[in-house]
Structure formats: C-alpha cells, structure tokens
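K.L.:
mmCIF, C-alpha atoms, saved as model38.cif, coming up:
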data_work
loop_
_atom_site.label_atom_id
_atom_site.label_comp_id
_atom_site.auth_asym_id
_atom_site.auth_seq_id
_atom_site.Cartn_x
_atom_site.Cartn_y
_atom_site.Cartn_z
CA MET A 1 262.06 -145.24 -38.61
CA ILE A 2 263.60 -141.86 -39.32
CA THR A 3 265.97 -140.26 -36.79
CA ARG A 4 266.43 -136.46 -36.67
CA ARG A 5 268.54 -134.27 -34.42
CA GLN A 6 266.74 -131.92 -32.09
CA THR A 7 267.95 -129.65 -29.34
CA GLY A 8 268.52 -131.95 -26.38
CA GLY A 9 268.74 -135.22 -28.34
CA THR A 10 267.28 -137.08 -31.30
CA VAL A 11 263.71 -137.74 -32.36
CA LYS A 12 262.55 -140.93 -34.08
CA PHE A 13 259.76 -140.72 -36.64
CA PRO A 14 257.63 -143.78 -37.50
CA LYS A 15 257.96 -143.43 -41.29
CA ASN A 16 255.07 -145.76 -42.17
CA THR A 17 252.67 -143.99 -39.82
CA TYR A 18 253.34 -140.61 -41.43
CA ARG A 19 253.26 -142.10 -44.93
CA LYS A 20 249.83 -143.66 -44.28
CA GLU A 21 248.49 -140.39 -42.89
CA LEU A 22 249.86 -138.38 -45.81
CA LEU A 23 248.34 -140.81 -48.32
CA ARG A 24 245.01 -140.63 -46.46
CA LYS A 25 245.07 -136.83 -46.62
CA LYS A 26 246.03 -136.94 -50.30
CA HIS A 27 243.01 -139.12 -51.02
CA GLU A 28 240.79 -136.83 -48.93
CA PHE A 29 241.97 -133.73 -50.81
CA LEU A 30 241.59 -135.41 -54.22
CA SER A 31 238.05 -136.42 -53.30
CA ALA A 32 237.26 -132.86 -52.16
CA LEU A 33 238.58 -131.46 -55.44
CA GLY A 34 236.36 -133.90 -57.33
CA LEU A 35 233.31 -132.75 -55.38
CA HIS A 36 234.10 -129.09 -56.05
CA SER A 37 234.50 -129.84 -59.76
CA GLN A 38 231.18 -131.70 -59.86
CA LYS A 39 229.41 -128.79 -58.17
CA LEU A 40 230.91 -126.33 -60.64
CA ALA A 41 229.88 -128.47 -63.61
CA ALA A 42 226.32 -128.94 -62.36
CA VAL A 43 225.33 -125.27 -62.44
CA GLU A 44 222.03 -124.68 -64.21
CA ARG A 45 220.51 -121.37 -65.25
CA SER A 46 216.87 -120.52 -65.06
CA SER A 47 216.69 -116.80 -64.31
CA GLU A 48 218.87 -113.76 -63.70
CA ASP A 49 218.47 -114.13 -59.93
CA ASP A 50 219.52 -117.77 -60.17
CA LEU A 51 222.52 -116.78 -62.26
CA THR A 52 223.70 -114.33 -59.59
CA ALA A 53 223.34 -116.95 -56.86
CA HIS A 54 225.13 -119.56 -58.99
CA LEU A 55 228.00 -117.17 -59.74
CA GLN A 56 228.43 -116.48 -56.03
CA GLU A 57 228.37 -120.22 -55.33
CA GLN A 58 230.92 -120.84 -58.08
CA SER A 59 233.19 -118.18 -56.62
CA VAL A 60 233.08 -119.90 -53.22
CA GLU A 61 233.71 -123.34 -54.80
CA LEU A 62 236.68 -122.02 -56.78
CA GLY A 63 238.15 -120.47 -53.64
CA LEU A 64 237.76 -123.73 -51.75
CA SER A 65 239.31 -125.63 -54.64
CA ARG A 66 242.36 -123.34 -54.59
CA VAL A 67 242.87 -123.95 -50.87
CA VAL A 68 242.44 -127.72 -51.20
CA HIS A 69 244.75 -127.80 -54.23
CA GLN A 70 247.47 -125.97 -52.27
CA GLN A 71 247.09 -128.43 -49.38
CA LEU A 72 247.30 -131.32 -51.85
CA ARG A 73 250.56 -129.89 -53.22
CA GLU A 74 251.94 -129.62 -49.68
CA VAL A 75 251.03 -133.27 -49.00
CA GLU A 76 252.69 -134.41 -52.23
CA TYR A 77 255.80 -132.40 -51.34
CA ALA A 78 255.85 -134.05 -47.89
CA LEU A 79 255.62 -137.49 -49.54
CA ASP A 80 258.61 -136.54 -51.72
CA ARG A 81 260.54 -135.44 -48.60
CA LEU A 82 259.62 -138.72 -46.92
CA ALA A 83 260.97 -140.69 -49.89
CA SER A 84 264.19 -138.65 -49.96
CA GLY A 85 264.78 -138.91 -46.21
CA GLU A 86 264.25 -135.19 -45.55
CA TYR A 87 260.86 -135.59 -43.87
CA GLY A 88 260.67 -134.29 -40.31
CA THR A 89 263.48 -131.76 -40.82
CA CYS A 90 262.68 -128.05 -40.82
CA ALA A 91 263.28 -126.60 -44.30
CA ASP A 92 264.55 -123.38 -42.70
CA CYS A 93 266.70 -124.15 -39.65
CA GLY A 94 267.39 -127.87 -40.23
CA ASP A 95 266.23 -128.96 -36.77
CA ALA A 96 263.71 -131.73 -36.27
CA ILE A 97 260.04 -130.85 -36.52
CA SER A 98 258.38 -132.04 -33.32
CA PRO A 99 256.29 -135.22 -33.49
CA ASN A 100 253.34 -133.28 -32.03
CA ARG A 101 253.50 -130.81 -34.93
CA LEU A 102 253.77 -133.61 -37.49
CA GLN A 103 250.77 -135.35 -35.94
CA ALA A 104 248.76 -132.13 -36.20
CA VAL A 105 250.04 -131.13 -39.66
CA PRO A 106 251.78 -134.12 -41.28
CA TRP A 107 252.81 -132.03 -44.30
CA ALA A 108 254.54 -129.35 -42.18
CA ARG A 109 257.75 -128.01 -43.77
CA TYR A 110 258.86 -125.94 -40.80
CA CYS A 111 259.25 -126.32 -37.05
CA VAL A 112 256.88 -124.20 -34.94
CA ASN A 113 259.46 -121.46 -34.29
CA CYS A 114 260.34 -121.02 -37.97
CA GLN A 115 256.68 -121.22 -39.05
CA ASP A 116 255.79 -118.47 -36.56
CA ARG A 117 258.66 -116.31 -37.81
CA ILE A 118 257.73 -116.88 -41.47
CA ALA A 119 254.04 -116.16 -40.85
CA ALA A 120 254.78 -112.91 -39.00
#
Could you write out this file's structure as structure tokens?

P.N.:
Amino acid sequence: MITRRQTGGTVKFPKNTYRKELLRKKHEFLSALGLHSQKLAAVERSSEDDLTAHLQEQSVELGLSRVVHQQLREVEYALDRLASGEYGTCADCGDAISPNRLQAVPWARYCVNCQDRIAA
C-alpha cells in the first residue's frame, strides 16, 4: 500500500493492483506492436494499384505503432515509479494523483489539474 498526501488528507494506493494493471497493459501494448510488425512484414506487391494501397496501409500501421510504442514507454516509466515509490504522485505539483485517474490511466504522470494545464 502506498500513501500519498492530497489536499484534505492522504490517499492510499493498492500497489499490487496498479502493478498488475500496468503489467497487463504492457503485455497488451507489446502484443499490439507485434501485430503491427507482422502486418508490415506481410506486404505483397502485385500491381501499381496494390502498391499504393499497401503504402497507405503501411503508413497507418506505422502511425499506430508509434502511438502504441509511446504508451508502452509511459507504462514502463510508471512501473519504474512504482518500484521507486514515486507512483501516484504528480510529477509537476507533487500532490497525489486521484485513484479515479489512476484507474482510468494507470500510467498517468500528472494529476488532472496539471495535465489540463500542460495540454493547454
């Protein structure tokens, strides 16, 4: 159990629950990257029209792979923070990240207020 300060008191985080969820997401993202790689490797050419369609498909697959790879990096970073005891603490303001946010996005680095400010 991890305890973090939050305005109005402390919040307790069930460390094993978040660890299991992060590991599940890591596996999911690794599997997705494997599928994207298989699709990219399986491209066959038969005509110019097919080549154009395959290039468009490859472009989409590469874009998806970039997004999944970034999410995988975020999950791995969250696992590192969990191991170091920093998990659940906003990387910007230092307050606790709400349990609701961590349930929705277990790899979240920032509390909702800081994330909104950073995204703006």

K.L.:
Between A:Leu33, A:Val105, A:Cys93, A:Val67, which residue has the minimum interatomic distance to A:Tyr18, considering only C-alpha atoms?

P.N.:
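Using only C-alpha atoms, A:Tyr18 sits closest to A:Val105.
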
K.L.:
Which residue, A:Cys114, A:Ala120, A:Ala91, A:Ala104, has the smallest gap to A:Tyr77 when you use all atoms listed in the file?

P.N.:
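Residue with the minimum atom-to-atom distance to A:Tyr77: A:Ala91.
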
K.L.:
Have a look at A:Asn100, A:Leu23, A:Leu64, A:Asp116 and name the one nearest to A:Asp80; count all atoms listed in the file.

P.N.:
A:Leu23

K.L.:
For each of A:Ser98, A:Ser65, A:Gln70, A:Ser31, take the minimum atom-to-atom distance to A:Asn113, counting all atoms listed in the file, then give the residue where this is smallest.

P.N.:
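Of A:Ser98, A:Ser65, A:Gln70, A:Ser31, the one nearest A:Asn113 is A:Ser98, counting all atoms listed in the file.
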
K.L.:
Atom CA of A:Leu72 and atom CA of A:Arg117 are how many Å apart?

P.N.:
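Result for atom CA of A:Leu72 versus atom CA of A:Arg117: 23.5 Å, one decimal.
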
K.L.:
Quick one: everything within 9 Å of A:Phe29, counting all atoms listed in the file, minus sequence neighbours fewer than 5 positions away in the same chain. Send it as a list in words.

P.N.:
Arg24, Gly34, Val68, His69, Gln71 and Leu72 of chain A

K.L.:
Keeping C-alpha atoms for every residue in the selection just given, could you write it to a file as a compact mmCIF listing (two decimals), in the frame of the given file?

P.N.:
# COMPACT_ATOMS: atom_id res chain seq x y z
CA ARG A 24 245.01 -140.63 -46.46
CA GLY A 34 236.36 -133.90 -57.33
CA VAL A 68 242.44 -127.72 -51.20
CA HIS A 69 244.75 -127.80 -54.23
CA GLN A 71 247.09 -128.43 -49.38
CA LEU A 72 247.30 -131.32 -51.85

K.L.:
As an exercise, work out the distance from atom CA of A:Gln115 to atom CA of A:Lys26 in Å and give it to one decimal place.

P.N.:
22.1 Å

K.L.:
Report, in Å to a single decimal, how far apart atom CA of A:Leu22 and atom CA of A:Asp95 are.

P.N.:
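Interatomic distance, atom CA of A:Asp95 to atom CA of A:Leu22: 20.9 Å.
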
K.L.:
Could you tell me, as a list in words, exactly which residues end up selected when the PyMOL selection byres ((chain A and resi 21) around 12) is applied to this structure?

P.N.:
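Applying the PyMOL selection byres ((chain A and resi 21) around 12) to the structure shown produces Pro14, Lys15, Asn16, Thr17, Tyr18, Arg19, Lys20, Leu22, Leu23, Arg24, Lys25, Lys26, His27, Glu28, Val75, Glu76, Ala78, Leu79, Leu82, Leu102, Gln103, Ala104, Val105, Pro106 and Trp107 of chain A.
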
K.L.:
So which one's closest to A:Asp92, A:Glu57, A:Tyr110, A:Ala32, A:Arg66? Using all atoms listed in the file, please.

P.N.:
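Under the stated criterion, the closest residue is A:Tyr110.
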
K.L.:
Could you name the residues that touch A:Thr89 at 8 Å or less, counting all atoms listed in the file, but leaving out those on the same chain fewer than 2 positions away, as a PyMOL selection string?

P.N.:
chain A and resi 4+86-87+91+94-97+109-111
